[in-house]
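The file protein_26.txt comes next; it holds compact mmCIF, C-alpha atoms.
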# COMPACT_ATOMS: atom_id res chain seq x y z
CA MET A 1 -52.63 3.82 -69.45
CA ILE A 2 -55.34 4.74 -66.98
CA LEU A 3 -55.90 2.38 -64.06
CA SER A 4 -59.01 2.33 -61.91
CA MET A 5 -58.57 2.37 -58.15
CA THR A 6 -61.29 -0.28 -57.76
CA GLY A 7 -60.17 -3.88 -57.98
CA TYR A 8 -60.28 -7.34 -56.46
CA GLY A 9 -57.84 -10.22 -56.39
CA GLU A 10 -57.55 -13.50 -54.57
CA ALA A 11 -55.17 -16.44 -54.33
CA GLN A 12 -55.11 -19.83 -52.61
CA HIS A 13 -52.36 -22.28 -51.78
CA VAL A 14 -52.13 -25.59 -49.89
CA GLU A 15 -48.82 -26.88 -48.63
CA ASP A 16 -48.04 -29.66 -46.14
CA GLY A 17 -51.57 -29.65 -44.73
CA VAL A 18 -51.74 -25.88 -44.37
CA ALA A 19 -54.33 -23.98 -46.50
CA TYR A 20 -53.73 -20.32 -47.27
CA ALA A 21 -56.42 -18.00 -48.70
CA LEU A 22 -55.63 -14.39 -49.57
CA GLU A 23 -58.23 -11.75 -50.43
CA LEU A 24 -57.19 -8.35 -51.77
CA LYS A 25 -59.62 -5.45 -52.27
CA SER A 26 -59.06 -1.89 -53.48
CA LEU A 27 -61.39 1.12 -53.35
CA ASN A 28 -61.02 4.85 -54.07
CA ASN A 29 -58.80 6.99 -51.89
CA ARG A 30 -56.85 10.16 -52.55
CA TYR A 31 -53.73 8.48 -51.19
CA LEU A 32 -52.61 4.88 -50.58
CA LYS A 33 -54.16 3.54 -47.40
CA THR A 34 -53.58 -0.08 -46.44
CA SER A 35 -55.38 -2.37 -44.01
CA ILE A 36 -53.44 -5.60 -43.44
CA LYS A 37 -54.99 -8.50 -41.53
CA LEU A 38 -52.75 -11.48 -40.84
CA PRO A 39 -53.08 -14.43 -38.45
CA GLU A 40 -51.44 -13.67 -35.12
CA HIS A 41 -48.47 -15.98 -35.70
CA LEU A 42 -47.79 -14.28 -39.06
CA SER A 43 -48.24 -10.68 -37.92
CA VAL A 44 -44.46 -10.28 -37.95
CA PHE A 45 -44.71 -9.99 -41.76
CA GLU A 46 -47.02 -6.96 -41.73
CA SER A 47 -44.29 -4.44 -42.58
CA GLU A 48 -43.04 -6.61 -45.46
CA VAL A 49 -46.58 -6.89 -46.84
CA GLU A 50 -47.00 -3.11 -46.52
CA LYS A 51 -43.79 -2.56 -48.49
CA LEU A 52 -44.85 -5.04 -51.16
CA LEU A 53 -48.20 -3.31 -51.67
CA ARG A 54 -46.61 0.14 -51.90
CA GLU A 55 -44.23 -1.08 -54.57
CA ARG A 56 -47.12 -2.10 -56.82
CA LEU A 57 -49.90 0.37 -55.95
CA ASP A 58 -49.93 4.16 -55.90
CA ARG A 59 -53.41 5.17 -54.71
CA GLY A 60 -56.47 3.54 -53.18
CA SER A 61 -57.81 2.11 -49.96
CA VAL A 62 -56.42 -1.43 -50.00
CA THR A 63 -57.51 -4.30 -47.73
CA PHE A 64 -55.22 -7.34 -47.45
CA VAL A 65 -56.74 -10.33 -45.61
CA LEU A 66 -54.87 -13.61 -45.22
CA ARG A 67 -56.60 -16.64 -43.69
CA VAL A 68 -54.72 -19.79 -42.72
CA ARG A 69 -56.13 -23.22 -41.80
CA ASP A 70 -53.65 -25.70 -40.38
CA HIS A 71 -54.94 -29.28 -40.59
CA ARG A 72 -51.78 -30.91 -39.27
CA ALA A 73 -51.83 -32.96 -36.07
CA ASP A 74 -49.07 -30.87 -34.53
CA ALA A 75 -50.87 -27.60 -35.23
CA ALA A 76 -52.34 -27.40 -31.73
CA GLN A 77 -51.08 -24.43 -29.75
CA GLU A 78 -49.70 -24.79 -26.27
CA ILE A 79 -51.79 -23.94 -23.21
CA ASN A 80 -50.02 -21.89 -20.54
CA VAL A 81 -51.10 -23.83 -17.45
CA ALA A 82 -49.43 -21.35 -15.09
CA ALA A 83 -51.43 -18.50 -16.63
CA ILE A 84 -54.72 -20.41 -16.20
CA GLN A 85 -53.88 -21.17 -12.56
CA SER A 86 -53.15 -17.49 -11.97
CA TYR A 87 -56.49 -16.44 -13.50
CA LEU A 88 -58.35 -19.05 -11.42
CA ALA A 89 -56.63 -17.86 -8.24
CA GLN A 90 -57.65 -14.28 -8.97
CA LEU A 91 -61.23 -15.34 -9.73
CA GLY A 92 -61.29 -17.19 -6.38
CA LYS A 93 -60.62 -13.89 -4.64
CA VAL A 94 -63.55 -12.26 -6.44
CA THR A 95 -66.15 -14.87 -5.43
CA THR A 96 -66.35 -17.69 -2.90
CA ASP A 97 -69.51 -19.19 -4.37
CA ALA A 98 -68.67 -22.82 -5.19
CA ALA A 99 -71.64 -23.00 -7.57
CA VAL A 100 -70.11 -20.46 -9.95
CA GLN A 101 -69.31 -22.07 -13.31
CA ILE A 102 -66.35 -21.03 -15.40
CA ASP A 103 -66.61 -20.90 -19.19
CA VAL A 104 -63.54 -22.75 -20.44
CA ALA A 105 -63.73 -21.12 -23.88
CA ALA A 106 -63.72 -17.67 -22.30
CA LEU A 107 -60.83 -18.70 -20.07
CA LEU A 108 -58.79 -19.87 -23.05
CA ALA A 109 -59.42 -16.54 -24.79
CA LEU A 110 -57.74 -14.57 -22.00
CA PRO A 111 -54.35 -12.97 -22.83
CA GLY A 112 -51.37 -15.27 -22.41
CA VAL A 113 -53.33 -18.52 -22.03
CA ILE A 114 -52.84 -19.81 -25.58
CA GLN A 115 -49.29 -19.58 -26.88
CA PRO A 116 -48.41 -20.17 -30.54
CA PRO A 117 -45.53 -22.56 -31.08
CA GLU A 118 -42.10 -21.14 -31.69
CA ILE A 119 -41.25 -20.75 -35.37
CA SER A 120 -37.74 -21.48 -36.61
CA GLU A 121 -35.95 -19.09 -38.94
CA ALA A 122 -36.19 -21.59 -41.78
CA GLU A 123 -39.95 -21.97 -41.22
CA ARG A 124 -40.32 -18.20 -41.10
CA GLU A 125 -38.60 -17.83 -44.47
CA ARG A 126 -40.76 -20.57 -45.97
CA GLN A 127 -43.95 -18.92 -44.79
CA TRP A 128 -42.86 -15.53 -46.16
CA LYS A 129 -42.21 -17.08 -49.57
CA VAL A 130 -45.76 -18.47 -49.52
CA ILE A 131 -47.24 -15.10 -48.50
CA ALA A 132 -45.19 -13.19 -51.09
CA SER A 133 -46.22 -15.63 -53.83
CA LEU A 134 -49.89 -15.34 -52.86
CA ALA A 135 -49.64 -11.55 -52.76
CA ASP A 136 -48.04 -11.47 -56.22
CA GLU A 137 -50.81 -13.63 -57.69
CA ALA A 138 -53.60 -11.63 -56.03
CA LEU A 139 -52.03 -8.33 -57.14
CA LYS A 140 -51.93 -9.56 -60.74
CA HIS A 141 -55.68 -10.28 -60.61
CA LEU A 142 -56.38 -6.94 -58.91
CA LEU A 143 -54.29 -4.95 -61.42
CA SER A 144 -55.92 -6.79 -64.31
CA MET A 145 -59.34 -5.70 -63.05
CA ARG A 146 -58.07 -2.17 -62.49
CA GLN A 147 -56.76 -2.07 -66.05
CA ALA A 148 -60.05 -3.32 -67.53
CA GLU A 149 -62.05 -0.72 -65.61
CA GLY A 150 -59.43 1.88 -66.52
CA LEU A 151 -60.14 1.38 -70.22
CA ALA A 152 -63.82 2.12 -69.65
CA ILE A 153 -62.95 5.19 -67.56
CA ARG A 154 -60.58 6.42 -70.30
CA GLU A 155 -63.34 6.27 -72.92
CA ASP A 156 -65.70 8.14 -70.62
CA LEU A 157 -63.12 10.85 -69.85
CA LEU A 158 -62.21 11.38 -73.49
CA GLY A 159 -65.91 11.51 -74.37
CA HIS A 160 -66.39 14.41 -71.95
CA CYS A 161 -63.31 16.09 -73.41
CA ARG A 162 -64.81 15.87 -76.89
CA GLN A 163 -67.98 17.52 -75.62
CA ILE A 164 -65.93 20.34 -74.13
CA ARG A 165 -64.00 20.83 -77.39
CA THR A 166 -67.23 20.99 -79.38
CA ARG A 167 -68.69 23.67 -77.08
CA LEU A 168 -65.38 25.55 -77.01
CA ALA A 169 -65.32 25.67 -80.82
CA VAL A 170 -68.76 27.30 -80.79
CA ILE A 171 -67.53 29.87 -78.26
CA ALA A 172 -64.39 30.62 -80.28
CA GLU A 173 -66.48 31.20 -83.38
CA ARG A 174 -69.01 33.32 -81.53
CA ALA A 175 -66.59 35.57 -79.61
CA PRO A 176 -65.59 37.92 -82.50
CA GLN A 177 -69.25 38.34 -83.44
CA VAL A 178 -70.02 39.65 -79.96
CA VAL A 179 -67.70 42.63 -80.49
CA ARG A 180 -69.08 43.33 -83.96
CA GLU A 181 -72.66 43.19 -82.70
CA TYR A 182 -71.78 45.52 -79.83
CA HIS A 183 -70.21 47.91 -82.34
CA GLU A 184 -73.34 47.87 -84.49
CA LYS A 185 -75.69 48.34 -81.53
CA LEU A 186 -73.60 51.16 -80.10
CA LEU A 187 -73.39 52.90 -83.43
CA ALA A 188 -77.12 52.52 -84.08
CA ARG A 189 -77.96 53.85 -80.64
CA ALA A 190 -75.56 56.75 -81.01
CA ASN A 191 -77.04 57.67 -84.40
CA GLU A 192 -80.53 57.52 -82.93
CA LEU A 193 -79.62 59.86 -80.10
CA LEU A 194 -77.80 62.17 -82.49
CA ALA A 195 -80.80 62.32 -84.79
CA GLN A 196 -83.02 63.34 -81.92
CA SER A 197 -80.70 65.90 -80.39
CA ARG A 198 -78.88 66.97 -83.53
CA LEU A 199 -75.54 66.57 -81.73
CA GLN A 200 -72.29 65.66 -83.41
CA LEU A 201 -70.54 62.39 -82.50
CA GLU A 202 -66.80 62.16 -82.01
CA LEU A 203 -65.68 59.07 -83.94
CA ASP A 204 -62.65 58.62 -81.68
CA ASP A 205 -64.91 58.36 -78.63
CA LEU A 206 -66.92 55.62 -80.31
CA ARG A 207 -63.79 53.71 -81.26
CA ARG A 208 -62.42 54.04 -77.74
CA GLU A 209 -65.62 52.66 -76.22
CA ILE A 210 -65.59 49.70 -78.59
CA ALA A 211 -61.91 49.03 -77.85
CA VAL A 212 -62.59 49.01 -74.10
CA PHE A 213 -65.47 46.58 -74.56
CA ALA A 214 -63.40 44.32 -76.83
CA GLU A 215 -60.58 44.19 -74.29
CA ARG A 216 -62.94 43.54 -71.39
CA CYS A 217 -64.64 40.59 -73.07
CA ASP A 218 -61.58 39.16 -74.85
CA ILE A 219 -61.48 35.42 -74.05
CA SER A 220 -58.88 34.29 -76.56
CA GLU A 221 -56.28 33.52 -73.88
CA GLU A 222 -58.75 31.52 -71.82
CA ILE A 223 -59.80 29.53 -74.90
CA ALA A 224 -56.14 28.80 -75.71
CA ARG A 225 -55.38 27.68 -72.15
CA LEU A 226 -58.47 25.48 -71.93
CA THR A 227 -57.53 23.89 -75.26
CA SER A 228 -54.03 23.26 -73.95
CA HIS A 229 -55.42 21.65 -70.80
CA LEU A 230 -57.57 19.37 -72.93
CA ASP A 231 -54.52 18.34 -75.00
CA GLN A 232 -52.51 17.57 -71.85
CA PHE A 233 -55.46 15.67 -70.38
CA ALA A 234 -55.73 13.46 -73.48
CA LYS A 235 -51.98 12.72 -73.43
CA LEU A 236 -52.10 11.72 -69.77
CA CYS A 237 -54.99 9.35 -70.49
CA ASP A 238 -52.66 7.39 -72.78
CA SER A 239 -49.41 7.77 -70.83
CA SER A 240 -47.75 4.98 -68.87
CA GLU A 241 -47.52 6.99 -65.62
CA ARG A 242 -50.02 6.95 -62.75
CA ALA A 243 -51.86 10.12 -63.73
CA GLY A 244 -54.79 10.39 -61.31
CA ARG A 245 -53.48 13.41 -59.37
CA LYS A 246 -52.41 15.27 -62.53
CA LEU A 247 -55.76 14.64 -64.20
CA ASP A 248 -57.50 15.97 -61.10
CA PHE A 249 -55.35 19.11 -61.21
CA LEU A 250 -56.03 19.68 -64.92
CA ALA A 251 -59.77 19.31 -64.36
CA GLN A 252 -59.55 22.02 -61.68
CA GLU A 253 -57.70 24.30 -64.10
CA MET A 254 -60.26 23.64 -66.84
CA LEU A 255 -63.01 24.76 -64.48
CA ARG A 256 -61.06 27.91 -63.64
CA GLU A 257 -60.78 28.86 -67.34
CA ALA A 258 -64.44 28.07 -67.98
CA ASN A 259 -65.50 30.30 -65.09
CA THR A 260 -63.37 33.15 -66.45
CA ILE A 261 -64.87 32.78 -69.91
CA GLY A 262 -68.35 32.88 -68.44
CA SER A 263 -67.63 36.02 -66.41
CA LYS A 264 -65.98 37.92 -69.29
CA ALA A 265 -68.17 37.03 -72.25
CA ASN A 266 -71.29 39.20 -72.28
CA ASP A 267 -73.33 36.95 -74.54
CA ALA A 268 -76.19 34.48 -74.04
CA THR A 269 -74.89 31.94 -76.58
CA ILE A 270 -71.46 31.86 -74.98
CA ALA A 271 -73.00 31.66 -71.51
CA HIS A 272 -75.11 28.65 -72.54
CA ASN A 273 -72.07 26.81 -73.90
CA VAL A 274 -70.05 27.66 -70.80
CA ILE A 275 -72.75 26.01 -68.67
CA GLU A 276 -72.49 22.87 -70.79
CA ILE A 277 -68.68 22.94 -70.54
CA LYS A 278 -68.81 23.28 -66.75
CA GLY A 279 -71.23 20.36 -66.56
CA ALA A 280 -68.83 18.20 -68.58
CA ILE A 281 -65.90 19.29 -66.39
CA ASP A 282 -67.86 18.36 -63.25
CA ARG A 283 -68.35 14.89 -64.71
CA LEU A 284 -64.63 14.76 -65.50
CA LYS A 285 -63.77 15.72 -61.92
CA GLU A 286 -66.08 13.06 -60.55
CA GLN A 287 -64.71 10.31 -62.80
CA VAL A 288 -61.08 11.28 -62.20
CA GLN A 289 -61.58 10.38 -58.53
CA ASN A 290 -61.65 6.74 -59.71
CA VAL A 291 -58.25 6.95 -61.42
CA GLU A 292 -55.05 5.78 -59.72

Translate the structure described by the file into C-alpha cells.
Amino acid sequence: MILSMTGYGEAQHVEDGVAYALELKSLNNRYLKTSIKLPEHLSVFESEVEKLLRERLDRGSVTFVLRVRDHRADAAQEINVAAIQSYLAQLGKVTTDAAVQIDVAALLALPGVIQPPEISEAERERQWKVIASLADEALKHLLSMRQAEGLAIREDLLGHCRQIRTRLAVIAERAPQVVREYHEKLLARANELLAQSRLQLELDDLRREIAVFAERCDISEEIARLTSHLDQFAKLCDSSERAGRKLDFLAQEMLREANTIGSKANDATIAHNVIEIKGAIDRLKEQVQNVE
C-alpha cells in the first residue's frame, strides 16, 4: 500500500500537574531526516526518540516537537547564586558607572545561572514512558493521514499508467505499418526512377534496404520492456513494502524506453504518442516524489 510522505499527528497528556503536548510533522524528503526538539531537561531522550521514529518511518523530513508545562509548586528551577555573583563581578570590571542598570531577565538567561533539578532514575523512566506513549499516538495519527493521502496518490499514479498503456497500444499497432509503408514508398520510387531511366532493379537490393530499415526502427523490445515496467509499477502500488524508491527507479526506466522508441521510430504518429507518454511519465516522476 502506498503511503504519502506528508502527514501530521499530535498528542496531549496531563499527569500530576504536568501537561505534555507533542506535535509531529512530515514532509517530502528523499531520505529520512529528523528534527527533534525537546525541553532541555528531557534532551537526554533525543536518541531514543530518533530510534523510535526510524522504526516506524522510512522516508520524509520529520519534525518532532514536545512542549511541557509544569504547573506544580516544586517545578521552580534552582538559581546558581555563585554563578550570578561571578557574572556581576566580571561586569563590575567592565564598567564603574553606578547608574548602570542590570536586566535581571537577561542575567538569568546566561549559561549556568538556572539549573534544572536533578531527576531520579525512577522519574526518568516515568517521563520516557509518557514520551513514548505520546509518540506512539502521534505516529498513529500521522500514518493514518499518510495512508489516506497515499490512496489518492495511488489512483493518480495508476491513472497515468493507464494513459501510457493506451498510447503504447497505438504505437504497437502502428509500428508494423511503418515498415510496410516504407516498403511501398521505396518500391514506388524505385519503379518511377526505373521508368524514367529504363534501368533494371535488383530485387535483392530492395529487400536488403527494407530489412535494414525494419531493423533500424524495430521497437518491439522497447515496447515489451516498457509494458513490463508498467506491470511492475502497478504491483508495487499495491504491495505492502515501502516502494517510493523503486517506483522512482521504474519511472526513470520508463522514460529511457520512451526516449529510445522516439529516436528509433521514424513516424509522426508514433512520435506524437511518444510525446504524450513522456508527459505522463513526467507526471509519474513528480508524484512519486510524494511516496514513502

Excluding same-chain residues fewer than 5 positions from Lys37 in chain A, what lies within 7 Å of it counting only C-alpha atoms, as an MDAnalysis selection string? chainID A and resid 64:66

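Atom pair CA of Leu284 in chain A / CA of Gly159 in chain A: separated by 9.5 Å.
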
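With distances restricted to all atoms listed in the file, A:Leu3 is the closest residue to Val288 in chain A from A:Ala106, A:Leu134, A:Leu3, A:Ala169.
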
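If all atoms listed in the file are the atoms counted, then among A:Ala148, A:Ala224, A:Ile79, A:Ala138 the closest residue to Ala109 in chain A is A:Ile79.
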
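Distance annotation: of A:Arg162, A:Arg245, A:Arg56, A:Arg225, the residue with the minimal separation from Thr260 in chain A is A:Arg225; atom set is only C-alpha atoms.
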
From the list A:Leu236, A:Ala243, A:Ile277, A:Leu139, the nearest residue to Val170 in chain A using all atoms listed in the file is A:Ile277

Quiz prompt | Residues within 10 Å of Ser47 in chain A, all atoms listed in the file, excluding chain neighbours under 5 positions, as a VMD selection string | solution = chain A and resid 36 52 to 53

Which residues are close to His272 in chain A, i.e. within 10 Å by all atoms listed in the file, leaving aside same-chain residues fewer than 6 positions away? Reply as a ChimeraX atom specification. /A:167,171,262

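The smallest atom-to-atom distance between Ser263 in chain A and any of A:Glu222, A:Glu286, A:Glu23, A:Glu137, using all atoms listed in the file, is found for A:Glu222.
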
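Of the residues under consideration (A:Glu10, A:Asp238, A:Asp16, A:Asp136), A:Glu10 shows the shortest atom-to-atom contact distance to Arg67 in chain A when counting only C-alpha atoms.
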
- prompt: Within 12 Å of (-58.9, 22.8, -65.6), only C-alpha atoms: residues as a ChimeraX atom specification?
  reply: /A:161,164,222-223,225-233,246-260,277-278,280-282,284-285

re CA of Leu143 in chain A and CA of Gly9 in chain A: distance 8.1 Å

Neighbourhood query: residues within 10 Å of (-52.7, -18.9, -16.6), file coordinates, counting all atoms listed in the file; return as a PyMOL selection string.
chain A and resi 79-89+107-108+110-114

* Name the residues in contact with Met145 in chain A at a cut-off of 12 Å, using all atoms listed in the file, excluding same-chain residues fewer than 2 positions from it; report them as a PyMOL selection string. => chain A and resi 2-10+24-26+138-143+147-152

Atom pair CA of Pro176 in chain A + CA of Glu221 in chain A, distance 13.4 Å
